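Visitor: Structure: start-v7.cif, mmCIF, C-alpha atoms.
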```
data_target
loop_
_atom_site.label_atom_id
_atom_site.label_comp_id
_atom_site.auth_asym_id
_atom_site.auth_seq_id
_atom_site.Cartn_x
_atom_site.Cartn_y
_atom_site.Cartn_z
CA MET A 1 0.00 0.00 0.00
CA ARG A 2 2.89 2.33 0.81
CA ASP A 3 4.35 1.80 -2.68
CA PHE A 4 1.01 2.80 -4.18
CA PHE A 5 1.03 6.13 -2.34
CA ILE A 6 4.66 6.85 -3.26
CA GLY A 7 3.91 6.05 -6.92
CA ALA A 8 0.83 8.25 -6.77
CA LEU A 9 2.91 11.06 -5.24
CA ASP A 10 5.39 10.74 -8.10
CA LYS A 11 2.59 11.08 -10.64
CA LEU A 12 1.04 13.95 -8.68
CA ILE A 13 4.34 15.84 -8.67
CA THR A 14 4.55 15.39 -12.45
CA VAL A 15 1.02 16.77 -12.88
CA ILE A 16 1.78 19.72 -10.59
CA VAL A 17 4.96 20.58 -12.52
CA VAL A 18 3.12 20.41 -15.86
CA LEU A 19 0.34 22.65 -14.51
CA MET A 20 2.93 25.11 -13.21
CA ILE A 21 4.57 25.23 -16.65
CA ILE A 22 1.21 25.82 -18.33
CA GLY A 23 0.39 28.56 -15.81
CA VAL A 24 3.72 30.35 -16.30
CA VAL A 25 3.53 30.23 -20.09
CA GLY A 26 -0.14 31.29 -20.10
CA GLY A 27 0.47 34.12 -17.65
CA ALA A 28 3.50 35.31 -19.60
CA LEU A 29 1.60 35.32 -22.90
CA PHE A 30 -1.32 37.12 -21.29
CA THR A 31 1.01 39.73 -19.82
CA MET A 32 2.89 40.20 -23.10
CA PHE A 33 -0.23 41.00 -25.08
CA SER A 34 -2.24 42.76 -22.38
CA PRO A 35 -2.77 46.51 -22.71
CA MET A 36 -1.73 46.99 -19.07
CA GLY A 37 1.32 44.73 -19.37
CA GLY A 38 4.19 44.79 -21.76
CA PHE A 39 6.44 42.53 -23.74
CA LEU A 40 9.38 42.90 -21.32
CA GLN A 41 7.17 42.25 -18.30
CA GLY A 42 5.86 39.09 -19.95
CA LEU A 43 9.37 38.02 -20.84
CA GLY A 44 10.50 38.61 -17.26
CA LEU A 45 7.56 36.59 -15.99
CA LEU A 46 8.46 33.79 -18.39
CA ILE A 47 12.12 33.75 -17.29
CA PHE A 48 11.59 34.05 -13.54
CA GLY A 49 8.50 31.83 -13.58
CA GLY A 50 10.49 29.21 -15.48
CA LEU A 51 13.25 29.39 -12.90
CA TYR A 52 10.67 29.01 -10.14
CA VAL A 53 9.18 25.92 -11.82
CA VAL A 54 12.63 24.36 -12.26
CA LEU A 55 13.59 25.02 -8.62
CA MET A 56 10.30 23.87 -7.08
CA GLY A 57 9.96 20.83 -9.34
CA GLY A 58 13.58 19.92 -8.72
CA MET A 59 13.13 20.15 -4.96
CA MET A 60 10.01 17.98 -5.06
CA TYR A 61 11.77 15.33 -7.15
CA LEU A 62 14.84 15.60 -4.90
CA PHE A 63 12.77 14.89 -1.78
CA LEU A 64 11.17 11.92 -3.52
CA GLY A 65 14.62 10.70 -4.57
CA ILE A 66 15.86 10.94 -0.98
CA TYR A 67 13.03 8.61 0.02
CA HIS A 68 13.98 6.09 -2.69
CA ASN A 69 17.67 6.21 -1.73
CA THR A 70 16.85 5.72 1.95
CA LYS A 71 14.65 2.76 1.11
CA ARG A 72 17.39 1.15 -1.02
CA THR A 73 19.95 1.70 1.74
CA ALA A 74 17.66 0.10 4.33
CA ASP A 75 17.03 -2.86 2.00
CA ALA A 76 20.76 -3.30 1.40
CA LEU A 77 21.52 -3.23 5.12
CA GLU A 78 18.77 -5.78 5.84
CA SER A 79 20.02 -8.20 3.20
CA ARG A 80 23.58 -7.92 4.54
CA GLY A 81 22.79 -8.78 8.11
#
```
Mind turning this structure into structure tokens?
Guide:
Amino acid sequence: MRDFFIGALDKLITVIVVLMIIGVVGGALFTMFSPMGGFLQGLGLLIFGGLYVVLMGGMMYLFLGIYHNTKRTADALESRG
């Protein structure tokens, strides 16, 4: 059951990252062509929003990877003893 939840979390993180990418690109395009915005503001939103997505997505996958590494280490130690 635990493996199901970890697998579901992995898929959920992927969906969240894709939604964040869609939101950043959509917001940047809206800002670029909005009368109140501007092309440079939209470009800045695209750049900094992209950096935010990379950092947050990377941290989420890093935390999930730490779990997998800890599990493999525990399994290796159990099989040794």
Visitor: List the residues matched by the PyMOL selection byres ((chain A and resi 20) around 10) in the displayed structure as a ChimeraX atom specification, ordered by chain and then by residue number.
Guide: /A:14-19,21-26,49-50,52-54,56-57
Visitor: At what distance in Å, to one decimal, does CA of Gly58 (chain A) lie from CA of Leu40 (chain A)?
Guide: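 We find that CA of Leu40 (chain A) and CA of Gly58 (chain A) lie 26.5 Å from each other.
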Visitor: Report, in Å with one decimal, the straight-line distance from CA of Leu51 (chain A) to CA of Leu9 (chain A).
Guide: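 A separation of 22.4 Å between them.
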Visitor: Residues at most 12 Å from Arg2 (chain A), counting only C-alpha atoms, excluding those fewer than 5 positions away in the same chain, as a tab-separated table (two decimals) with C-alpha atoms, in the frame of the given file?
Guide:
```tsv
chain	number	residue	atom	x	y	z
A	7	GLY	CA	3.91	6.05	-6.92
A	8	ALA	CA	0.83	8.25	-6.77
A	9	LEU	CA	2.91	11.06	-5.24
A	67	TYR	CA	13.03	8.61	0.02
A	71	LYS	CA	14.65	2.76	1.11
```
Visitor: Which neighbours of Met32 (chain A) fall inside 10 Å, counting all atoms listed in the file, when residues of the same chain fewer than 2 positions from it are skipped, and could you give them as a ChimeraX atom specification?
Guide: /A:26-30,34-46
Visitor: Would you output that residue set with C-alpha atoms, as a PDB file, in the frame of the given file?
Guide:
```pdb
ATOM      1  CA  GLY A  26      -0.140  31.290 -20.100  1.00  0.00           C
ATOM      2  CA  GLY A  27       0.470  34.120 -17.650  1.00  0.00           C
ATOM      3  CA  ALA A  28       3.500  35.310 -19.600  1.00  0.00           C
ATOM      4  CA  LEU A  29       1.600  35.320 -22.900  1.00  0.00           C
ATOM      5  CA  PHE A  30      -1.320  37.120 -21.290  1.00  0.00           C
ATOM      6  CA  SER A  34      -2.240  42.760 -22.380  1.00  0.00           C
ATOM      7  CA  PRO A  35      -2.770  46.510 -22.710  1.00  0.00           C
ATOM      8  CA  MET A  36      -1.730  46.990 -19.070  1.00  0.00           C
ATOM      9  CA  GLY A  37       1.320  44.730 -19.370  1.00  0.00           C
ATOM     10  CA  GLY A  38       4.190  44.790 -21.760  1.00  0.00           C
ATOM     11  CA  PHE A  39       6.440  42.530 -23.740  1.00  0.00           C
ATOM     12  CA  LEU A  40       9.380  42.900 -21.320  1.00  0.00           C
ATOM     13  CA  GLN A  41       7.170  42.250 -18.300  1.00  0.00           C
ATOM     14  CA  GLY A  42       5.860  39.090 -19.950  1.00  0.00           C
ATOM     15  CA  LEU A  43       9.370  38.020 -20.840  1.00  0.00           C
ATOM     16  CA  GLY A  44      10.500  38.610 -17.260  1.00  0.00           C
ATOM     17  CA  LEU A  45       7.560  36.590 -15.990  1.00  0.00           C
ATOM     18  CA  LEU A  46       8.460  33.790 -18.390  1.00  0.00           C
TER      19      LEU A  46
END
```
Visitor: Near Leu64 (chain A), counting all atoms listed in the file, which residues have an atom at most 9 Å away, once you skip same-chain residues fewer than 3 positions from it, shown as a list in words?
Guide: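 Listed by chain and then number, they are Ile6, Leu9, Asp10, Met59, Met60, Tyr61, Tyr67, His68 and Asn69 of chain A.
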Visitor: Could you put an axis-aligned box around every listed atom of region 57-71 of chain A, padded by 4 Å on each side, and send me its centre and edge lengths in Å to one decimal, as lines of an AutoDock Vina configuration file?
Guide:
```
center_x = 13.8
center_y = 11.8
center_z = -3.7
size_x = 15.7
size_y = 26.1
size_z = 19.3
```
Visitor: Find the distance between CA of Ile66 (chain A) and CA of Phe48 (chain A) and write it in Å to one decimal.
Guide: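 Atom-to-atom, CA of Ile66 (chain A) to CA of Phe48 (chain A), that is 26.6 Å.
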